[in-house]
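Source file: target_16.csv. Holds: CSV, C-alpha atoms.
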```
chain,number,residue,atom,x,y,z
A,1,MET,CA,4.5,-3.2,12.6
A,2,ALA,CA,3.2,-3.9,9.1
A,3,LYS,CA,-0.2,-2.7,8.2
A,4,VAL,CA,-2.6,-5.4,6.9
A,5,PHE,CA,-5.8,-5.5,5.0
A,6,LYS,CA,-7.3,-9.0,4.8
A,7,ILE,CA,-10.6,-10.5,3.8
A,8,ALA,CA,-10.9,-14.2,4.6
A,9,LEU,CA,-12.9,-16.8,2.6
A,10,SER,CA,-16.0,-18.2,4.2
A,11,GLY,CA,-15.0,-20.6,7.0
A,12,PHE,CA,-11.7,-19.1,7.8
A,13,ASN,CA,-10.7,-16.6,10.6
A,14,ALA,CA,-9.1,-13.5,9.2
A,15,THR,CA,-7.6,-12.5,12.5
A,16,THR,CA,-5.8,-15.8,13.2
A,17,ASP,CA,-5.3,-17.6,9.8
A,18,THR,CA,-1.9,-17.2,8.1
A,19,ASP,CA,-2.4,-19.1,4.9
A,20,PRO,CA,-2.9,-16.6,2.0
A,21,ASN,CA,-4.9,-19.3,0.1
A,22,HIS,CA,-7.6,-18.9,2.7
A,23,PHE,CA,-8.2,-15.2,1.8
A,24,SER,CA,-10.0,-13.5,-1.1
A,25,LEU,CA,-7.7,-10.5,-0.3
A,26,TYR,CA,-4.5,-10.8,1.6
A,27,VAL,CA,-2.5,-7.6,1.9
A,28,ASP,CA,0.4,-6.8,4.1
A,29,GLN,CA,3.3,-4.5,3.4
A,30,LEU,CA,5.8,-7.3,3.2
A,31,VAL,CA,4.9,-9.6,0.3
A,32,ASP,CA,3.3,-8.7,-3.0
A,33,TYR,CA,0.8,-11.6,-3.0
A,34,ILE,CA,-1.5,-9.8,-5.4
A,35,LEU,CA,1.3,-9.3,-8.0
A,36,ILE,CA,-0.9,-8.0,-10.7
A,37,LYS,CA,-2.5,-4.6,-11.1
A,38,GLU,CA,-4.3,-4.4,-14.4
A,39,LYS,CA,-3.5,-1.5,-16.7
A,40,THR,CA,-5.5,-2.4,-19.8
A,41,PHE,CA,-6.9,-5.2,-21.8
A,42,ALA,CA,-8.3,-5.5,-25.3
A,43,THR,CA,-8.8,-7.8,-28.2
A,44,VAL,CA,-7.0,-7.2,-31.6
A,45,SER,CA,-6.6,-9.1,-34.9
A,46,VAL,CA,-3.0,-10.0,-35.6
A,47,SER,CA,-1.9,-11.1,-39.0
A,48,SER,CA,1.9,-11.0,-38.5
A,49,THR,CA,3.3,-8.6,-36.0
A,50,THR,CA,1.4,-6.0,-34.0
A,51,ASN,CA,2.9,-3.7,-31.5
A,52,ILE,CA,0.9,-2.6,-28.5
A,53,GLY,CA,2.5,0.5,-26.9
A,54,HIS,CA,2.2,0.4,-23.1
A,55,GLY,CA,4.1,3.6,-22.3
A,56,LEU,CA,5.4,2.2,-19.0
A,57,GLY,CA,9.2,2.5,-19.6
A,58,TYR,CA,9.8,-0.9,-18.1
A,59,VAL,CA,8.9,-4.5,-18.9
A,60,PRO,CA,5.4,-5.2,-17.5
A,61,PHE,CA,3.8,-8.5,-16.7
A,62,CYS,CA,1.4,-9.5,-19.5
A,63,LEU,CA,-1.0,-12.3,-20.3
A,64,VAL,CA,-1.9,-13.1,-24.0
A,65,PHE,CA,-4.3,-15.5,-25.5
A,66,ALA,CA,-5.1,-16.4,-29.1
A,67,GLU,CA,-8.4,-17.5,-30.6
A,68,THR,CA,-7.0,-20.6,-32.4
A,69,SER,CA,-10.5,-21.5,-33.7
A,70,SER,CA,-13.8,-19.9,-33.2
A,71,GLY,CA,-14.5,-19.6,-29.5
A,72,VAL,CA,-11.4,-21.5,-28.4
A,73,TRP,CA,-8.7,-19.4,-26.7
A,74,ARG,CA,-5.2,-20.7,-26.0
A,75,LYS,CA,-2.8,-19.2,-23.5
A,76,LEU,CA,0.4,-18.0,-25.2
A,77,PHE,CA,4.0,-18.0,-24.1
A,78,SER,CA,7.3,-17.2,-25.7
A,79,ALA,CA,8.3,-18.3,-29.2
A,80,PRO,CA,7.7,-22.0,-30.1
A,81,ILE,CA,10.9,-23.9,-30.6
A,82,ASP,CA,10.2,-24.2,-34.3
A,83,GLY,CA,9.4,-20.5,-34.5
A,84,VAL,CA,6.0,-21.0,-36.1
A,85,GLY,CA,2.7,-20.2,-34.6
A,86,PHE,CA,1.5,-17.7,-32.0
A,87,TRP,CA,3.5,-16.0,-29.3
A,88,PHE,CA,4.4,-12.6,-27.7
A,89,GLU,CA,7.4,-10.7,-26.5
A,90,ILE,CA,7.5,-7.7,-24.1
A,91,ASN,CA,10.0,-4.9,-24.0
A,92,ALA,CA,10.0,-1.5,-22.2
A,93,THR,CA,8.0,0.1,-25.0
A,94,ASN,CA,5.7,-2.5,-26.5
A,95,LEU,CA,3.9,-5.7,-26.1
A,96,VAL,CA,4.7,-7.4,-29.4
A,97,LEU,CA,2.2,-9.9,-30.7
A,98,ARG,CA,3.5,-12.4,-33.3
A,99,ASN,CA,1.6,-14.6,-35.6
A,100,THR,CA,3.4,-16.7,-38.2
A,101,SER,CA,0.5,-19.1,-38.9
A,102,GLY,CA,-0.3,-17.5,-42.2
A,103,GLY,CA,-3.8,-16.3,-41.3
A,104,ALA,CA,-5.1,-13.5,-39.0
A,105,LYS,CA,-6.1,-14.5,-35.5
A,106,ASN,CA,-7.8,-12.6,-32.6
A,107,TYR,CA,-5.5,-12.0,-29.7
A,108,SER,CA,-6.7,-11.0,-26.2
A,109,TYR,CA,-4.1,-9.3,-24.1
A,110,HIS,CA,-3.9,-8.0,-20.6
A,111,ILE,CA,-1.1,-5.6,-19.6
A,112,PHE,CA,-0.4,-5.1,-15.9
A,113,TYR,CA,1.5,-2.4,-14.1
A,114,ASP,CA,3.7,-4.9,-12.4
A,115,ASN,CA,7.4,-4.5,-13.4
A,116,ILE,CA,8.9,-8.0,-14.0
A,117,THR,CA,12.5,-6.9,-14.4
B,1,MET,CA,-12.2,14.0,-4.1
B,2,THR,CA,-11.5,10.4,-5.1
B,3,GLN,CA,-11.4,8.0,-2.2
B,4,ILE,CA,-9.1,5.0,-2.4
B,5,VAL,CA,-8.0,2.1,-0.3
B,6,ALA,CA,-4.3,1.5,-0.6
B,7,VAL,CA,-1.5,-0.3,1.2
B,8,ALA,CA,2.0,0.8,0.2
B,9,LYS,CA,5.1,-1.3,0.4
B,10,ILE,CA,7.4,-0.8,3.4
B,11,GLY,CA,9.3,2.4,2.9
B,12,LYS,CA,6.7,3.9,0.5
B,13,ASN,CA,4.1,6.6,1.4
B,14,ALA,CA,0.6,5.5,0.4
B,15,GLU,CA,-0.5,9.1,0.4
B,16,THR,CA,2.1,10.4,-2.0
B,17,ALA,CA,3.4,7.5,-4.1
B,18,THR,CA,2.3,7.5,-7.7
B,19,ASP,CA,4.1,4.4,-9.1
B,20,PRO,CA,1.7,1.4,-9.0
B,21,ASN,CA,4.7,-0.8,-8.2
B,22,ASP,CA,5.0,1.0,-4.9
B,23,PHE,CA,1.8,-0.6,-3.7
B,24,ILE,CA,0.9,-4.0,-2.5
B,25,PHE,CA,-2.8,-3.1,-3.0
B,26,HIS,CA,-4.5,-0.1,-4.6
B,27,SER,CA,-8.2,0.0,-5.1
B,28,SER,CA,-7.8,2.1,-8.3
B,29,TYR,CA,-6.3,-0.9,-10.1
B,30,ASN,CA,-8.1,-4.1,-10.9
B,31,THR,CA,-6.5,-7.0,-9.1
B,32,PHE,CA,-6.7,-10.1,-11.3
B,33,LYS,CA,-9.0,-12.7,-9.8
B,34,ILE,CA,-8.9,-16.4,-9.5
B,35,ILE,CA,-12.4,-17.6,-10.0
B,36,LEU,CA,-11.8,-21.2,-9.5
B,37,GLU,CA,-8.8,-23.5,-8.8
B,38,GLY,CA,-8.7,-27.2,-9.3
B,39,THR,CA,-6.6,-30.3,-10.0
B,40,LYS,CA,-7.0,-33.0,-12.6
B,41,SER,CA,-5.3,-36.4,-12.8
B,42,ILE,CA,-4.7,-37.9,-16.2
B,43,THR,CA,-2.9,-40.8,-17.7
B,44,LEU,CA,-1.1,-40.2,-21.0
B,45,LEU,CA,-1.2,-43.1,-23.5
B,46,ALA,CA,2.2,-44.5,-24.4
B,47,SER,CA,3.9,-43.3,-27.6
B,48,THR,CA,1.1,-41.0,-28.5
B,49,ASN,CA,1.2,-37.3,-29.5
B,50,ASP,CA,-1.6,-34.8,-29.4
B,51,GLN,CA,-3.6,-36.2,-26.5
B,52,SER,CA,-6.4,-33.9,-25.3
B,53,PHE,CA,-8.1,-34.0,-21.9
B,54,THR,CA,-11.0,-31.8,-21.0
B,55,GLN,CA,-12.4,-30.4,-17.8
B,56,ALA,CA,-15.6,-28.4,-17.5
B,57,HIS,CA,-15.1,-25.0,-16.1
B,58,SER,CA,-18.8,-24.2,-15.3
B,59,GLN,CA,-18.5,-20.5,-16.0
B,60,LYS,CA,-21.0,-18.4,-18.0
B,61,PHE,CA,-18.1,-16.9,-19.9
B,62,ILE,CA,-14.9,-18.0,-21.7
B,63,PRO,CA,-12.3,-17.6,-18.9
B,64,LEU,CA,-8.6,-17.2,-19.1
B,65,VAL,CA,-6.9,-20.3,-17.7
B,66,ALA,CA,-3.4,-21.0,-16.5
B,67,GLY,CA,-2.1,-24.4,-15.5
B,68,PHE,CA,0.9,-26.4,-14.4
B,69,ALA,CA,1.6,-30.1,-14.9
B,70,LYS,CA,3.6,-32.5,-12.8
B,71,ARG,CA,4.5,-36.1,-13.7
B,72,SER,CA,3.9,-38.6,-11.0
B,73,GLY,CA,6.9,-39.4,-8.9
B,74,VAL,CA,8.9,-36.3,-9.7
B,75,SER,CA,9.0,-32.9,-8.1
B,76,GLN,CA,9.3,-30.5,-10.9
B,77,VAL,CA,6.4,-28.9,-12.7
B,78,PHE,CA,6.2,-27.7,-16.3
B,79,LEU,CA,4.1,-25.2,-18.2
B,80,PRO,CA,2.2,-25.4,-21.4
B,81,ASN,CA,4.5,-24.9,-24.4
B,82,GLY,CA,7.1,-26.8,-22.4
B,83,ILE,CA,8.6,-30.2,-21.8
B,84,ASP,CA,9.2,-32.2,-18.7
B,85,VAL,CA,13.0,-32.1,-18.7
B,86,GLU,CA,14.4,-35.4,-17.4
B,87,SER,CA,18.0,-36.0,-16.7
B,88,TRP,CA,19.3,-39.5,-16.8
B,89,GLY,CA,22.9,-39.4,-15.7
B,90,ALA,CA,25.6,-36.9,-15.3
B,91,THR,CA,27.1,-37.7,-18.6
B,92,ALA,CA,24.2,-39.4,-20.4
B,93,GLY,CA,22.3,-36.2,-21.0
B,94,MET,CA,18.6,-35.5,-20.8
B,95,ASP,CA,15.4,-35.7,-22.7
B,96,GLY,CA,11.9,-34.3,-22.7
B,97,ASP,CA,9.7,-37.2,-23.7
B,98,ILE,CA,6.6,-35.5,-22.2
B,99,LYS,CA,5.4,-32.2,-23.7
B,100,PHE,CA,2.6,-30.0,-22.4
B,101,ASN,CA,1.5,-28.6,-25.7
B,102,TYR,CA,-1.1,-26.2,-24.7
B,103,ILE,CA,-4.0,-25.2,-22.5
B,104,SER,CA,-7.1,-23.6,-24.0
B,105,THR,CA,-10.7,-22.8,-23.1
B,106,ASP,CA,-14.0,-22.6,-24.9
B,107,ALA,CA,-17.4,-21.7,-23.6
B,108,THR,CA,-17.7,-25.1,-21.8
B,109,ASN,CA,-14.3,-26.8,-21.2
B,110,ILE,CA,-10.7,-26.4,-20.4
B,111,THR,CA,-8.5,-28.5,-22.7
B,112,PHE,CA,-5.1,-29.8,-21.8
B,113,ASN,CA,-3.0,-31.3,-24.6
B,114,PHE,CA,0.1,-33.4,-24.3
B,115,ASN,CA,2.6,-35.5,-26.2
B,116,ASN,CA,4.1,-38.7,-24.7
B,117,ALA,CA,7.1,-40.2,-26.4
B,118,LYS,CA,7.7,-42.8,-23.8
B,119,VAL,CA,6.8,-46.4,-24.5
B,120,THR,CA,4.8,-46.6,-21.2
B,121,THR,CA,1.8,-44.7,-19.9
B,122,VAL,CA,2.5,-41.7,-17.7
B,123,ASP,CA,0.4,-40.3,-14.9
B,124,VAL,CA,0.3,-36.6,-14.7
B,125,SER,CA,-1.4,-34.2,-12.3
B,126,ILE,CA,-2.5,-30.7,-13.4
B,127,ARG,CA,-3.3,-27.8,-11.3
B,128,TYR,CA,-5.3,-25.1,-13.1
B,129,PHE,CA,-6.5,-21.7,-12.3
B,130,VAL,CA,-9.6,-20.2,-13.9
B,131,LEU,CA,-9.2,-16.5,-14.1
B,132,GLU,CA,-11.3,-13.6,-15.5
B,133,LYS,CA,-12.9,-13.4,-18.9
B,134,VAL,CA,-10.8,-13.7,-22.1
B,135,THR,CA,-12.4,-10.6,-23.6
```
Render the structure in this file as structure tokens.
Amino acid sequence: MAKVFKIALSGFNATTDTDPNHFSLYVDQLVDYILIKEKTFATVSVSSTTNIGHGLGYVPFCLVFAETSSGVWRKLFSAPIDGVGFWFEINATNLVLRNTSGGAKNYSYHIFYDNIT
Amino acid sequence: MTQIVAVAKIGKNAETATDPNDFIFHSSYNTFKIILEGTKSITLLASTNDQSFTQAHSQKFIPLVAGFAKRSGVSQVFLPNGIDVESWGATAGMDGDIKFNYISTDATNITFNFNNAKVTTVDVSIRYFVLEKVT
């Protein structure tokens, strides 16, 4: 029998409810609902390409945001179709932050332990 | 001695495993939190690019936000920096008239930005997740 560790949100019964959305913490040994275990996060100024070594030896899940104007943070994805702007790439060694906008921008990145390959 | 709460994956030993990927939960690692989840319905103007829609997030900090969009009447969702790919016949091809340009946050609002190349208005629903602090 799988071991469980669950904390239900207010108004839900942790012993009978089966919807993971009704829990602040829903852990069994079967499904990785949590998915993300944070390794590190930081903010760095990026003018062209900045490598952030993660030392994991596999491709980890990452979240990256750029401060496109003062106090405004935009979620980043892979390279734009036109290849211009802000994006990031991940390999087994580095989180690679790219900026081809022509001016330095602040990037906020989160690297997680979770292996996405 | 450091005390932890951990649940290992089936087949892994919670007492001896050292790879974070062997655990479903481990109290030594911050588990990223969803602070708030919501939906927003918008209508895109016809033949108009760079349309922004805002939603107050009511947080005392600038949060990370992730979101997904879905056009009314279809089943697929699409992400920011992506288009709503639409096929219109096995041999006719496909297009992506609606583009979810970006999702961003400031101290007050979440901003969703779209292009709509269609000559008609388009109803879109967005599901967003307000996460932890940006910095």
Residues of chain B that have any atom at most 6 Å from an atom of chain A: could you tabulate them with the shortest-distance atom pair and the distance in Å to one decimal, using all atoms listed in the file, ordered by chain and increasing number, as CSV?
```
residue,atom,partner,partner_atom,distance
B:Lys9,CA,A:Gln29,CA,4.7
B:Ile10,CA,A:Gln29,CA,5.5
B:Asn21,CA,A:Asp114,CA,6.0
B:Ile24,CA,A:Asp32,CA,5.3
B:Tyr29,CA,A:Lys37,CA,5.4
B:Asn30,CA,A:Glu38,CA,5.2
B:Thr31,CA,A:Lys37,CA,5.1
B:Ile103,CA,A:Arg74,CA,5.8
B:Ser104,CA,A:Arg74,CA,4.0
B:Thr105,CA,A:Trp73,CA,5.3
B:Asp106,CA,A:Val72,CA,4.5
```
- request: Report the distance between atom CA of Phe32 of chain B and atom CA of Ala6 of chain B in Å, rounded to one decimal place.
  value: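 Here the two named atoms are 16.0 Å from each other.
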- prompt: Between B:Gln55, B:Val7, B:Phe25, B:Thr120, which is the closest to Glu37 of chain B once you count only C-alpha atoms?
  reply: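 Result for the nearest residue to Glu37 of chain B: B:Gln55.
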task: Around the point (1.6, -32.9, -25.4) in the file's coordinates, collect all residues with an atom within 8 Å, using only C-alpha atoms, and return them as a PyMOL selection string.
output: chain B and resi 49-51+98-102+113-116
query: What is the distance, in Å and to one decimal place, between atom CA of Asn99 of chain A and atom CA of Val85 of chain B?
result: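 If I compute the distance from atom CA of Asn99 of chain A to atom CA of Val85 of chain B, I get 26.9 Å.
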- prompt: What would the list of residues within 8 Å of (6.5, -0.7, -18.9) (file frame) look like as a VMD selection string, if all atoms listed in the file are what count?
  reply: chain A and resid 54 to 60 91 to 94 113 115
Hey, can you spit out that residue selection with C-alpha atoms as an mmCIF file, keeping the file's coordinate frame?
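Now in again.cif:
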```cif
data_model
loop_
_atom_site.group_PDB
_atom_site.id
_atom_site.type_symbol
_atom_site.label_atom_id
_atom_site.label_comp_id
_atom_site.auth_asym_id
_atom_site.auth_seq_id
_atom_site.Cartn_x
_atom_site.Cartn_y
_atom_site.Cartn_z
ATOM 1 C CA HIS A 54 2.200 0.400 -23.100
ATOM 2 C CA GLY A 55 4.100 3.600 -22.300
ATOM 3 C CA LEU A 56 5.400 2.200 -19.000
ATOM 4 C CA GLY A 57 9.200 2.500 -19.600
ATOM 5 C CA TYR A 58 9.800 -0.900 -18.100
ATOM 6 C CA VAL A 59 8.900 -4.500 -18.900
ATOM 7 C CA PRO A 60 5.400 -5.200 -17.500
ATOM 8 C CA ASN A 91 10.000 -4.900 -24.000
ATOM 9 C CA ALA A 92 10.000 -1.500 -22.200
ATOM 10 C CA THR A 93 8.000 0.100 -25.000
ATOM 11 C CA ASN A 94 5.700 -2.500 -26.500
ATOM 12 C CA TYR A 113 1.500 -2.400 -14.100
ATOM 13 C CA ASN A 115 7.400 -4.500 -13.400
#
```
task: In Å, rounded to a single decimal, give me how far atom CA of Asn21 of chain A is from atom CA of Gln59 of chain B.
output: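 Distance between the two atoms: 21.1 Å.
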message: Considering all atoms listed in the file, can you say which of A:Asn106, A:Ser45, A:Thr50, A:Ser10 comes closest to Glu89 of chain A?
response: A:Thr50
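Excluding Phe61 of chain B itself and same-chain residues fewer than 5 positions from it, the residues having an atom within 9 Å of it are B:Asp106, B:Ala107, B:Thr108, B:Glu132, B:Lys133, B:Val134, counting all atoms listed in the file.
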For Gly11 of chain A, work out the shell of residues within 12 Å, counting only C-alpha atoms and skipping chain neighbours fewer than 6 positions away, then give it as a short mmCIF file (atom, residue, chain, number, x, y, z; two decimals) with C-alpha atoms, in the frame of the given file.
```
data_model
loop_
_atom_site.label_atom_id
_atom_site.label_comp_id
_atom_site.auth_asym_id
_atom_site.auth_seq_id
_atom_site.Cartn_x
_atom_site.Cartn_y
_atom_site.Cartn_z
CA ASP A 17 -5.30 -17.60 9.80
CA HIS A 22 -7.60 -18.90 2.70
CA PHE A 23 -8.20 -15.20 1.80
CA SER A 24 -10.00 -13.50 -1.10
#
```
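Using only C-alpha atoms, the protein and nucleic acid residues lying no more than 8 Å from Phe53 of chain B, apart from those fewer than 6 places from it along its own chain, are B:Ile42, B:Thr111, B:Phe112, B:Asn113.
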message: List as a PyMOL selection string the protein and nucleic acid residues near Ser125 of chain B, meaning an atom at most 9 Å away when all atoms listed in the file are counted, but skip any in the same chain fewer than 2 places from it.
response: chain B and resi 39-43+68-72+123+127
- prompt: Quick one: of B:Gly96, B:Gln3, B:Glu86, B:Phe129, who's nearest to Ser28 of chain B, counting all atoms listed in the file?
  reply: B:Gln3
Rebuild all heavy atoms on segment 69-80 of chain A, as a PDB file, in the frame of the given file?
```
ATOM      1  N   SER A  69      -9.302 -21.238 -32.846  1.00  0.00           N
ATOM      2  CA  SER A  69     -10.500 -21.500 -33.700  1.00  0.00           C
ATOM      3  C   SER A  69     -11.636 -20.803 -33.042  1.00  0.00           C
ATOM      4  O   SER A  69     -11.516 -20.311 -31.910  1.00  0.00           O
ATOM      5  CB  SER A  69     -10.711 -23.026 -33.823  1.00  0.00           C
ATOM      6  OG  SER A  69     -10.936 -23.606 -32.561  1.00  0.00           O
ATOM      7  N   SER A  70     -12.740 -20.736 -33.724  1.00  0.00           N
ATOM      8  CA  SER A  70     -13.800 -19.900 -33.200  1.00  0.00           C
ATOM      9  C   SER A  70     -14.255 -20.280 -31.810  1.00  0.00           C
ATOM     10  O   SER A  70     -14.658 -21.419 -31.550  1.00  0.00           O
ATOM     11  CB  SER A  70     -15.038 -20.045 -34.180  1.00  0.00           C
ATOM     12  OG  SER A  70     -16.107 -19.249 -33.724  1.00  0.00           O
ATOM     13  N   GLY A  71     -14.112 -19.343 -30.892  1.00  0.00           N
ATOM     14  CA  GLY A  71     -14.500 -19.600 -29.500  1.00  0.00           C
ATOM     15  C   GLY A  71     -13.583 -20.364 -28.660  1.00  0.00           C
ATOM     16  O   GLY A  71     -13.875 -20.661 -27.505  1.00  0.00           O
ATOM     17  N   VAL A  72     -12.406 -20.697 -29.204  1.00  0.00           N
ATOM     18  CA  VAL A  72     -11.400 -21.500 -28.400  1.00  0.00           C
ATOM     19  C   VAL A  72     -10.176 -20.594 -28.255  1.00  0.00           C
ATOM     20  O   VAL A  72      -9.532 -20.175 -29.232  1.00  0.00           O
ATOM     21  CB  VAL A  72     -11.006 -22.762 -29.180  1.00  0.00           C
ATOM     22  CG1 VAL A  72      -9.935 -23.506 -28.402  1.00  0.00           C
ATOM     23  CG2 VAL A  72     -12.230 -23.649 -29.371  1.00  0.00           C
ATOM     24  N   TRP A  73      -9.842 -20.339 -26.976  1.00  0.00           N
ATOM     25  CA  TRP A  73      -8.700 -19.400 -26.700  1.00  0.00           C
ATOM     26  C   TRP A  73      -7.617 -20.156 -25.985  1.00  0.00           C
ATOM     27  O   TRP A  73      -7.819 -20.867 -25.010  1.00  0.00           O
ATOM     28  CB  TRP A  73      -9.267 -18.298 -25.749  1.00  0.00           C
ATOM     29  CG  TRP A  73     -10.211 -17.389 -26.460  1.00  0.00           C
ATOM     30  CD1 TRP A  73     -11.542 -17.608 -26.670  1.00  0.00           C
ATOM     31  CD2 TRP A  73      -9.902 -16.156 -27.097  1.00  0.00           C
ATOM     32  NE1 TRP A  73     -12.072 -16.571 -27.388  1.00  0.00           N
ATOM     33  CE2 TRP A  73     -11.104 -15.664 -27.660  1.00  0.00           C
ATOM     34  CE3 TRP A  73      -8.727 -15.408 -27.234  1.00  0.00           C
ATOM     35  CZ2 TRP A  73     -11.150 -14.457 -28.356  1.00  0.00           C
ATOM     36  CZ3 TRP A  73      -8.778 -14.203 -27.918  1.00  0.00           C
ATOM     37  CH2 TRP A  73      -9.976 -13.743 -28.472  1.00  0.00           C
ATOM     38  N   ARG A  74      -6.407 -19.961 -26.537  1.00  0.00           N
ATOM     39  CA  ARG A  74      -5.200 -20.700 -26.000  1.00  0.00           C
ATOM     40  C   ARG A  74      -4.262 -19.686 -25.407  1.00  0.00           C
ATOM     41  O   ARG A  74      -3.974 -18.626 -25.946  1.00  0.00           O
ATOM     42  CB  ARG A  74      -4.521 -21.387 -27.189  1.00  0.00           C
ATOM     43  CG  ARG A  74      -3.298 -22.182 -26.750  1.00  0.00           C
ATOM     44  CD  ARG A  74      -2.613 -22.839 -27.919  1.00  0.00           C
ATOM     45  NE  ARG A  74      -3.455 -23.798 -28.612  1.00  0.00           N
ATOM     46  CZ  ARG A  74      -3.043 -24.558 -29.624  1.00  0.00           C
ATOM     47  NH1 ARG A  74      -1.794 -24.465 -30.059  1.00  0.00           N
ATOM     48  NH2 ARG A  74      -3.872 -25.404 -30.202  1.00  0.00           N
ATOM     49  N   LYS A  75      -3.757 -20.062 -24.222  1.00  0.00           N
ATOM     50  CA  LYS A  75      -2.800 -19.200 -23.500  1.00  0.00           C
ATOM     51  C   LYS A  75      -1.457 -19.259 -24.290  1.00  0.00           C
ATOM     52  O   LYS A  75      -0.985 -20.337 -24.661  1.00  0.00           O
ATOM     53  CB  LYS A  75      -2.575 -19.722 -22.105  1.00  0.00           C
ATOM     54  CG  LYS A  75      -1.769 -18.784 -21.234  1.00  0.00           C
ATOM     55  CD  LYS A  75      -1.743 -19.299 -19.789  1.00  0.00           C
ATOM     56  CE  LYS A  75      -1.150 -18.258 -18.850  1.00  0.00           C
ATOM     57  NZ  LYS A  75       0.240 -17.931 -19.165  1.00  0.00           N
ATOM     58  N   LEU A  76      -0.868 -18.090 -24.499  1.00  0.00           N
ATOM     59  CA  LEU A  76       0.400 -18.000 -25.200  1.00  0.00           C
ATOM     60  C   LEU A  76       1.575 -17.787 -24.322  1.00  0.00           C
ATOM     61  O   LEU A  76       1.438 -17.265 -23.215  1.00  0.00           O
ATOM     62  CB  LEU A  76       0.327 -16.873 -26.271  1.00  0.00           C
ATOM     63  CG  LEU A  76      -0.790 -16.942 -27.306  1.00  0.00           C
ATOM     64  CD1 LEU A  76      -0.591 -15.876 -28.371  1.00  0.00           C
ATOM     65  CD2 LEU A  76      -0.872 -18.321 -27.949  1.00  0.00           C
ATOM     66  N   PHE A  77       2.735 -18.167 -24.850  1.00  0.00           N
ATOM     67  CA  PHE A  77       4.000 -18.000 -24.100  1.00  0.00           C
ATOM     68  C   PHE A  77       5.014 -17.393 -25.038  1.00  0.00           C
ATOM     69  O   PHE A  77       4.657 -16.671 -25.957  1.00  0.00           O
ATOM     70  CB  PHE A  77       4.442 -19.402 -23.596  1.00  0.00           C
ATOM     71  CG  PHE A  77       3.490 -19.995 -22.610  1.00  0.00           C
ATOM     72  CD1 PHE A  77       2.424 -20.783 -23.040  1.00  0.00           C
ATOM     73  CD2 PHE A  77       3.610 -19.730 -21.262  1.00  0.00           C
ATOM     74  CE1 PHE A  77       1.517 -21.310 -22.130  1.00  0.00           C
ATOM     75  CE2 PHE A  77       2.713 -20.250 -20.343  1.00  0.00           C
ATOM     76  CZ  PHE A  77       1.666 -21.045 -20.781  1.00  0.00           C
ATOM     77  N   SER A  78       6.269 -17.702 -24.831  1.00  0.00           N
ATOM     78  CA  SER A  78       7.300 -17.200 -25.700  1.00  0.00           C
ATOM     79  C   SER A  78       7.305 -17.977 -27.018  1.00  0.00           C
ATOM     80  O   SER A  78       6.481 -18.861 -27.218  1.00  0.00           O
ATOM     81  CB  SER A  78       8.668 -17.256 -25.025  1.00  0.00           C
ATOM     82  OG  SER A  78       8.927 -18.584 -24.622  1.00  0.00           O
ATOM     83  N   ALA A  79       8.255 -17.680 -27.896  1.00  0.00           N
ATOM     84  CA  ALA A  79       8.300 -18.300 -29.200  1.00  0.00           C
ATOM     85  C   ALA A  79       8.345 -19.799 -29.159  1.00  0.00           C
ATOM     86  O   ALA A  79       9.122 -20.360 -28.381  1.00  0.00           O
ATOM     87  CB  ALA A  79       9.437 -17.739 -30.015  1.00  0.00           C
ATOM     88  N   PRO A  80       7.562 -20.499 -29.983  1.00  0.00           N
ATOM     89  CA  PRO A  80       7.700 -22.000 -30.100  1.00  0.00           C
ATOM     90  C   PRO A  80       9.089 -22.329 -30.557  1.00  0.00           C
ATOM     91  O   PRO A  80       9.757 -21.534 -31.240  1.00  0.00           O
ATOM     92  CB  PRO A  80       6.633 -22.341 -31.105  1.00  0.00           C
ATOM     93  CG  PRO A  80       5.693 -21.196 -31.155  1.00  0.00           C
ATOM     94  CD  PRO A  80       6.501 -19.977 -30.846  1.00  0.00           C
TER      95      PRO A  80
END
```
